[in-house]
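*Asks:* Quick one: this structure, given as structure tokens, is what I'll be asking you about.
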Amino acid sequence: MKIEAMSFLAQRDSEVARILHSEAERQANSIDLIASENHIGRAVLEAGASLMTDKYAEGYPGRRYYSGCVNADEIESLAIDRIKRLFRAEHANVQPHSGSQANLAAYLALLEHGDTVMGMSRSHGGHLTHGAEVNFSGKWYKAIGYGVDRETEMLDYDDIERLAAQHRPRLIIAGASSYSRIIDFERFGRIADKVGAMLLVDTAHIAGIIAAGLHPSPVPYAQVVTSSTQKTLRGPRGGFILCREGLAPAIDAAVFPGMQGGPLMHAIAAKAVCFLEAMQPEFVEYQRAVLANARTLASEFQGHGLRVIAGGTDNHLALVDLSPIGLSGRDAERALEAVGIMVNRNSIPFDPRPALTPSGIRVGTPAVTTRGFGTAEMKRVASLIVKMLAHPGDLHVGRQVQMEVKEICHRFPIPGLV
Ligand code: DSN
């Protein structure tokens, strides 16, 4: 595969150019099944690499603390308008630098230190910012964790309601980093209403699926919705917040000056492009393919005797329990990385193993689907994974699998590089 040389950079700084070139080659020659990653297209890449990065634009469109913000105002207003249309939201803030920053701003806007919050436990699939004790969300607030049912491995809404009635949280957080089933945001909304809590939905993983209308939207039920932009939404690294009109002043003040200074205007430009791309009919087709590929991957694993958590997937990811084959998630991650297949180790619900060497791996299909992989490729990838995991230390098998990985990658170039 031909990877365009960054010639000007190469002349100025050969060390950085070499590393960037290596990263492009690594991406081109490996199969990325990390559920939170994707490959951006050329238009997002160009906007993100633009001179907008030079501009300081603290404040909001029409209310800046610097001169020369005419284009910054226009690009940010465009991004806001597009994301509001995409999700039918009353208000949007596109300045958060990431999904975690978006969540921090939501907490700052909605809570006082010491308030009780209730989010999905990280060990069951929740995110760091949903109340993990090592994170601000678990340090500054009294965090109660909810999880999945031991039998079904799906969210146990009756138990969530019981916990909410018992702890009376000020805020309930819905959303996950490694949960493969539909999340019933309407039910979360009813639970929050019943106990007098506010509802924050973190859509980071599934924002693209929601935008395509293939997962129910939380917007009608949540006071605040947050997200990152680089996962299923296939944008640049970044975040955004949607909220009801009445909360707009508090959310905007929490982002700036509450927790950020100048917005990353090049990232906002790239977000605007991503939001436009997500409005196109091809994006819906892309998300349909993401889901079909994830279902295929999960059922192929099941067909090969591996256990898929929650019995399958409704979204872009699957969580696979490797304990039946006696391999830890960390060993699997390493064995697969060595042959060019990227997954991440992941705890499974009620995992008897420690977080650093958990029982599972998480696989996701946003990146490979962007490259054009279909269900036939997913079947082949699943069988390569199963083969590698059955012979993790076997160099001969490793070489065979690696050659097949390269051959598949060669047929499906990365959009940002062609
Ligand atoms: N760390 C991301 C993930 O992999 O799911 C979430 O922020």
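As shown in the structure tokens, the chain order sets the letters A, B, ...; within each chain, residues go from 1, and ligands are also counted from 1 in the order they appear.
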Pick out the residues no farther than 10 Å from ligand 1, counting only C-alpha atoms and all ligand atoms, and list them as a short mmCIF file (atom, residue, chain, number, x, y, z; two decimals) with N, CA, C and O atoms, in the first residue's frame.
*Replies:*
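Writing done, so here's result-v6.cif:
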data_model
loop_
_atom_site.label_atom_id
_atom_site.label_comp_id
_atom_site.auth_asym_id
_atom_site.auth_seq_id
_atom_site.Cartn_x
_atom_site.Cartn_y
_atom_site.Cartn_z
N ILE A 34 -10.59 -2.25 17.98
CA ILE A 34 -10.79 -1.53 19.23
C ILE A 34 -12.08 -0.73 19.08
O ILE A 34 -12.21 0.12 18.19
N ALA A 35 -13.05 -1.04 19.95
CA ALA A 35 -14.43 -0.57 19.74
C ALA A 35 -14.56 0.94 19.81
O ALA A 35 -15.51 1.51 19.27
N SER A 36 -13.60 1.61 20.46
CA SER A 36 -13.69 3.06 20.61
C SER A 36 -12.93 3.81 19.52
O SER A 36 -12.83 5.02 19.57
N GLU A 37 -12.36 3.09 18.56
CA GLU A 37 -11.57 3.75 17.52
C GLU A 37 -12.28 3.69 16.17
O GLU A 37 -13.22 2.92 15.97
N SER A 98 -12.94 16.52 24.88
CA SER A 98 -13.11 15.07 24.83
C SER A 98 -14.42 14.70 25.50
O SER A 98 -15.10 15.56 26.09
N GLY A 99 -14.76 13.43 25.44
CA GLY A 99 -15.96 12.95 26.12
C GLY A 99 -15.84 13.09 27.63
O GLY A 99 -16.81 13.43 28.32
N SER A 100 -14.64 12.84 28.16
CA SER A 100 -14.44 12.98 29.60
C SER A 100 -14.62 14.43 30.03
O SER A 100 -15.21 14.72 31.08
N GLY A 125 -18.94 -2.36 32.82
CA GLY A 125 -19.00 -1.75 31.48
C GLY A 125 -19.11 -0.25 31.46
O GLY A 125 -19.14 0.37 30.40
N GLY A 126 -19.19 0.38 32.65
CA GLY A 126 -19.29 1.84 32.70
C GLY A 126 -17.95 2.51 32.41
O GLY A 126 -16.92 1.85 32.27
N HIS A 127 -17.98 3.84 32.31
CA HIS A 127 -16.76 4.60 32.00
C HIS A 127 -16.16 5.17 33.28
O HIS A 127 -16.87 5.36 34.27
N LEU A 128 -14.88 5.45 33.22
CA LEU A 128 -14.15 6.10 34.32
C LEU A 128 -14.94 7.26 34.94
O LEU A 128 -15.00 7.41 36.16
N THR A 129 -15.52 8.10 34.07
CA THR A 129 -16.18 9.33 34.52
C THR A 129 -17.60 9.10 35.03
O THR A 129 -18.34 10.05 35.24
N ALA A 176 -22.35 3.61 28.49
CA ALA A 176 -21.35 2.60 28.82
C ALA A 176 -20.20 2.62 27.84
O ALA A 176 -20.29 3.21 26.76
N SER A 177 -19.11 1.93 28.26
CA SER A 177 -17.96 1.76 27.37
C SER A 177 -17.86 0.35 26.83
O SER A 177 -17.21 0.11 25.81
N SER A 178 -18.46 -0.59 27.55
CA SER A 178 -18.39 -1.97 27.05
C SER A 178 -19.69 -2.71 27.40
O SER A 178 -19.68 -3.65 28.19
N TYR A 179 -20.76 -2.24 26.81
CA TYR A 179 -22.06 -2.89 26.97
C TYR A 179 -22.63 -3.06 25.57
O TYR A 179 -22.68 -2.09 24.80
N ALA A 204 -21.08 8.34 24.18
CA ALA A 204 -19.80 8.32 23.46
C ALA A 204 -19.67 7.16 22.49
O ALA A 204 -19.31 7.36 21.33
N HIS A 205 -19.97 5.94 22.96
CA HIS A 205 -19.75 4.79 22.07
C HIS A 205 -20.77 4.71 20.95
O HIS A 205 -20.44 4.31 19.83
N SER A 227 -21.05 13.29 24.68
CA SER A 227 -20.45 12.31 23.77
C SER A 227 -19.03 12.70 23.41
O SER A 227 -18.64 13.87 23.54
N SER A 228 -18.29 11.72 22.94
CA SER A 228 -17.06 12.01 22.21
C SER A 228 -17.42 11.95 20.73
O SER A 228 -18.52 11.53 20.37
N GLN A 230 -15.07 10.74 18.22
CA GLN A 230 -14.16 9.93 17.39
C GLN A 230 -14.53 8.46 17.29
O GLN A 230 -13.81 7.70 16.67
N LYS A 231 -15.62 8.07 17.92
CA LYS A 231 -15.92 6.62 17.93
C LYS A 231 -16.85 6.30 16.76
O LYS A 231 -16.46 6.49 15.62
N ASN A 344 -8.84 -4.87 22.72
CA ASN A 344 -8.36 -4.53 24.06
C ASN A 344 -8.90 -5.49 25.10
O ASN A 344 -10.03 -5.97 25.00
N ASN A 346 -10.46 -6.64 28.53
CA ASN A 346 -11.60 -6.00 29.18
C ASN A 346 -12.14 -6.91 30.26
O ASN A 346 -12.24 -8.13 30.07
N ARG A 362 -12.57 -7.00 24.37
CA ARG A 362 -13.66 -6.25 23.73
C ARG A 362 -13.30 -6.10 22.25
O ARG A 362 -12.17 -5.75 21.92
#
*Asks:* Name all residues at most 8 Å from range 74-77 of chain A (count only C-alpha atoms; drop same-chain ones fewer than 3 positions away) and give them as a compact mmCIF listing (two decimals) with all heavy atoms, in the first residue's frame.
*Replies:*
# COMPACT_ATOMS: atom_id res chain seq x y z
N PRO A 61 -19.66 32.08 20.07
CA PRO A 61 -19.88 32.91 18.89
C PRO A 61 -20.59 34.21 19.24
O PRO A 61 -21.62 34.22 19.92
CB PRO A 61 -20.75 32.01 18.00
CG PRO A 61 -20.33 30.62 18.37
CD PRO A 61 -20.04 30.67 19.86
N VAL A 70 -14.08 36.26 13.49
CA VAL A 70 -15.19 36.17 12.55
C VAL A 70 -15.35 34.74 11.99
O VAL A 70 -16.47 34.20 11.94
CB VAL A 70 -15.05 37.23 11.43
CG1 VAL A 70 -13.72 37.14 10.72
CG2 VAL A 70 -16.19 37.13 10.42
N ASN A 71 -14.24 34.12 11.62
CA ASN A 71 -14.34 32.76 11.04
C ASN A 71 -14.54 31.71 12.13
O ASN A 71 -15.23 30.71 11.92
CB ASN A 71 -13.10 32.46 10.21
CG ASN A 71 -12.98 33.45 9.07
OD1 ASN A 71 -13.95 33.69 8.34
ND2 ASN A 71 -11.81 34.07 8.94
N ILE A 80 -22.54 23.89 15.75
CA ILE A 80 -23.66 23.83 16.70
C ILE A 80 -24.97 23.55 15.97
O ILE A 80 -25.76 22.68 16.36
CB ILE A 80 -23.75 25.16 17.50
CG1 ILE A 80 -22.56 25.27 18.46
CG2 ILE A 80 -25.07 25.26 18.26
CD1 ILE A 80 -22.40 26.65 19.11
N ASP A 81 -25.18 24.27 14.90
CA ASP A 81 -26.42 24.11 14.14
C ASP A 81 -26.54 22.67 13.61
O ASP A 81 -27.59 22.03 13.71
CB ASP A 81 -26.40 25.12 12.99
CG ASP A 81 -27.64 25.00 12.13
OD1 ASP A 81 -28.72 25.15 12.71
OD2 ASP A 81 -27.52 24.74 10.92
N VAL A 94 -20.11 22.59 21.56
CA VAL A 94 -19.18 21.73 20.81
C VAL A 94 -17.73 21.95 21.23
O VAL A 94 -16.81 21.51 20.55
CB VAL A 94 -19.33 21.95 19.28
CG1 VAL A 94 -20.71 21.53 18.82
CG2 VAL A 94 -19.04 23.40 18.90
N MET A 265 -10.18 25.31 17.90
CA MET A 265 -11.02 25.66 16.76
C MET A 265 -10.80 24.73 15.56
O MET A 265 -11.73 24.51 14.79
CB MET A 265 -10.77 27.13 16.34
CG MET A 265 -11.26 28.16 17.35
SD MET A 265 -12.93 27.89 18.03
CE MET A 265 -13.93 27.79 16.56
N ILE A 268 -13.01 21.89 16.26
CA ILE A 268 -14.42 22.25 16.05
C ILE A 268 -14.74 22.26 14.54
O ILE A 268 -15.80 21.81 14.12
CB ILE A 268 -14.74 23.59 16.74
CG1 ILE A 268 -14.72 23.37 18.27
CG2 ILE A 268 -16.09 24.15 16.28
CD1 ILE A 268 -14.93 24.61 19.10
N ALA A 269 -13.78 22.72 13.73
CA ALA A 269 -13.97 22.68 12.27
C ALA A 269 -14.14 21.22 11.81
O ALA A 269 -15.02 20.91 11.00
CB ALA A 269 -12.79 23.33 11.57
N ALA A 272 -17.51 19.90 12.74
CA ALA A 272 -18.56 20.37 11.83
C ALA A 272 -18.62 19.47 10.60
O ALA A 272 -19.72 19.08 10.14
CB ALA A 272 -18.31 21.82 11.43
*Asks:* Hey, what's within 9 Å of Leu276 in chain A if we count only C-alpha atoms and toss same-chain stuff fewer than 5 positions away? As a PyMOL selection string, please?
*Replies:* chain A and resi 79+82-83+86+271
*Asks:* Please return, as a PyMOL selection string, all residues of range 7-94 of chain A that DSSP assigns to strand (DSSP E or B) on the basis of the backbone.
*Replies:* chain A and resi 31-32+59-60+63-64+91-93
*Asks:* Those same residues, written as a CSV table (one decimal), in the first residue's frame with N, CA and C atoms?
*Replies:*
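Generated output (result-v9.csv):
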chain,number,residue,atom,x,y,z
A,31,ILE,N,-5.6,-4.7,11.6
A,31,ILE,CA,-7.0,-4.8,11.6
A,31,ILE,C,-7.4,-4.2,13.0
A,32,ASP,N,-8.1,-3.1,13.0
A,32,ASP,CA,-8.4,-2.4,14.2
A,32,ASP,C,-9.8,-2.8,14.7
A,59,GLY,N,-14.7,32.1,24.8
A,59,GLY,CA,-16.0,32.6,24.8
A,59,GLY,C,-16.9,31.8,23.8
A,60,TYR,N,-17.9,32.4,23.3
A,60,TYR,CA,-18.8,31.7,22.4
A,60,TYR,C,-19.1,32.6,21.2
A,63,ARG,N,-19.6,36.3,21.3
A,63,ARG,CA,-19.3,36.8,22.7
A,63,ARG,C,-17.8,36.3,23.0
A,64,ARG,N,-16.9,36.8,22.2
A,64,ARG,CA,-15.5,36.3,22.4
A,64,ARG,C,-14.6,37.3,23.2
A,91,HIS,N,-30.1,22.6,22.6
A,91,HIS,CA,-28.9,23.4,22.7
A,91,HIS,C,-27.7,22.5,22.6
A,92,ALA,N,-26.6,23.0,22.1
A,92,ALA,CA,-25.4,22.2,21.9
A,92,ALA,C,-24.2,23.0,22.3
A,93,ASN,N,-23.2,22.4,22.9
A,93,ASN,CA,-21.9,23.0,23.1
A,93,ASN,C,-20.9,22.1,22.5
*Asks:* If DSSP is run on the backbone, what residues of range 191-408 of chain A are alpha helix (DSSP H)? A reply as a ChimeraX atom specification would be ideal.
*Replies:* /A:191-195,207-211,248-253,265-277,281-303,329-338,366-371,375-390,395-408
*Asks:* Smallest atom-to-atom distance to Gln95 in chain A: which of A:Gly372, A:Gly326, A:Gly238, A:Pro349, using only C-alpha atoms?
*Replies:* A:Gly238
